[in-house]
Structures are given as C-alpha cells and as structure tokens.
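**Q** Mind having a look at this structure? Questions to follow.
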Amino acid sequence: MTEPQQQTKKSTLSTSLGSNPTIEKVIPDNVVWIDDAFYIKKTRFGLYTSVLREPYGANFITGATEDGVVQITRWHLKCLQDGTLDDYTYVTSVTMGVKL
C-alpha cells in the first residue's frame, strides 16, 4: 500500500498577505522606498510595519524594531522571488479546546 502524496502549494505574496490584508489608504509623498519595494512606518503602538509598493499599500511585516522589520521583509521577499520560502516555513493548524 502506498502513502498518498500531499499536495503542496508554493507560497506566494498573496498567501503571505492572507485573505484580508490591511491596505494603507493614504501613503505620504515623502516616504523613503527601500529597495523600491517597501517602506517602513511606525505604528501608534510603537511597532514598525513594512508597507509594500506592490500591491500598493499592503501592510506586510510588523515587528519591534525598524531594522528587524527591514531585514525580515527583505528576506521574505527574496525567498518569495527565489521560490525558497517553503524550505524555511510551514503552516500549522491548532485548535484550542476552550469554550468561551
């Protein structure tokens, strides 16, 4: 008896953003685009979020430091471009047995 093969989907920018991404409605004219692909904005909670140029205004990665968000955004976009993101990541499904 052979084991069924799992269908694996390659990660894309669309799957990285999720089914309902946050989109910036207003992007200031004076933002500095990093690698001509994204800019970093400070949130009202003191965190940093990368905002993509394509799709325009999509919030991407959020983190505690500006440098950390720049580094992981560059890494994530490079892995998507190279098709290697799935070599480093996986999705788990967790359910909690808690009734509210």
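By order of appearance in the structure tokens: chains A, B, ..., then residues from 1 within every chain, and ligands from 1 in the order shown.
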Step one, run DSSP on the backbone; step two, keep only residues of stretch 26-77 of chain A assigned to helix (DSSP H, G or I); then write them as a ChimeraX atom specification.
**A** /A:66-77
**Q** Using only C-alpha atoms, please write the residues we just selected to a file, as a compact mmCIF listing (two decimals), in the first residue's frame.
**A**
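File result-v4.txt, as written:
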```
# COMPACT_ATOMS: atom_id res chain seq x y z
CA GLU A 66 12.77 49.16 12.40
CA ASP A 67 15.98 47.35 11.47
CA GLY A 68 14.44 43.95 12.24
CA VAL A 69 11.42 44.68 10.05
CA VAL A 70 13.66 45.84 7.18
CA GLN A 71 15.77 42.67 7.43
CA ILE A 72 12.89 40.18 7.61
CA THR A 73 10.91 41.97 4.89
CA ARG A 74 13.93 41.79 2.55
CA TRP A 75 14.45 38.12 3.43
CA HIS A 76 10.78 37.22 2.96
CA LEU A 77 10.51 39.00 -0.40
```
**Q** Could you pull the residues within 7 Å of A:Thr49, counting only C-alpha atoms, minus those fewer than 2 positions along the same chain, as a PyMOL selection string?
**A** chain A and resi 40-43+47+51+59-63+69
**Q** Once you have the residues from the selection above, write them out as an mmCIF file, in the first residue's frame, restricted to N, CA and C atoms.
**A**
```cif
data_model
loop_
_atom_site.group_PDB
_atom_site.id
_atom_site.type_symbol
_atom_site.label_atom_id
_atom_site.label_comp_id
_atom_site.auth_asym_id
_atom_site.auth_seq_id
_atom_site.Cartn_x
_atom_site.Cartn_y
_atom_site.Cartn_z
ATOM 1 N N ILE A 40 8.902 51.655 5.609
ATOM 2 C CA ILE A 40 8.609 51.309 6.997
ATOM 3 C C ILE A 40 7.839 52.450 7.647
ATOM 4 N N LYS A 41 6.781 52.088 8.341
ATOM 5 C CA LYS A 41 6.030 53.101 9.099
ATOM 6 C C LYS A 41 5.964 52.679 10.548
ATOM 7 N N LYS A 42 5.999 53.665 11.432
ATOM 8 C CA LYS A 42 5.870 53.408 12.868
ATOM 9 C C LYS A 42 4.388 53.431 13.210
ATOM 10 N N THR A 43 3.928 52.406 13.916
ATOM 11 C CA THR A 43 2.510 52.332 14.269
ATOM 12 C C THR A 43 2.237 53.138 15.529
ATOM 13 N N LEU A 47 5.327 50.015 17.283
ATOM 14 C CA LEU A 47 5.904 48.950 16.469
ATOM 15 C C LEU A 47 6.219 49.497 15.083
ATOM 16 N N VAL A 51 5.332 48.389 4.503
ATOM 17 C CA VAL A 51 4.196 48.622 3.612
ATOM 18 C C VAL A 51 4.708 48.447 2.188
ATOM 19 N N ASN A 59 0.029 46.217 4.050
ATOM 20 C CA ASN A 59 0.866 46.008 5.233
ATOM 21 C C ASN A 59 1.414 44.589 5.173
ATOM 22 N N PHE A 60 2.720 44.435 5.491
ATOM 23 C CA PHE A 60 3.363 43.147 5.278
ATOM 24 C C PHE A 60 3.898 42.539 6.570
ATOM 25 N N ILE A 61 4.992 43.065 7.099
ATOM 26 C CA ILE A 61 5.640 42.502 8.286
ATOM 27 C C ILE A 61 5.615 43.544 9.400
ATOM 28 N N THR A 62 5.292 43.119 10.615
ATOM 29 C CA THR A 62 5.307 44.013 11.769
ATOM 30 C C THR A 62 6.266 43.460 12.810
ATOM 31 N N GLY A 63 7.043 44.358 13.441
ATOM 32 C CA GLY A 63 7.992 43.928 14.450
ATOM 33 C C GLY A 63 8.348 45.042 15.409
ATOM 34 N N VAL A 69 12.474 44.745 11.064
ATOM 35 C CA VAL A 69 11.417 44.676 10.050
ATOM 36 C C VAL A 69 12.009 44.819 8.650
#
```
**Q** At a cut-off of 12 Å, using only C-alpha atoms, what residues contact A:Cys79? Leave out same-chain residues fewer than 2 positions from it and give the result as a ChimeraX atom specification.
**A** /A:10-13,16,72-77,81-89
**Q** Please measure the separation of atom CA of A:Trp33 and atom CA of A:Ser19, giving the value in Å to one decimal.
**A**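 According to the coordinates, atom CA of A:Trp33 and atom CA of A:Ser19 are separated by 25.0 Å.
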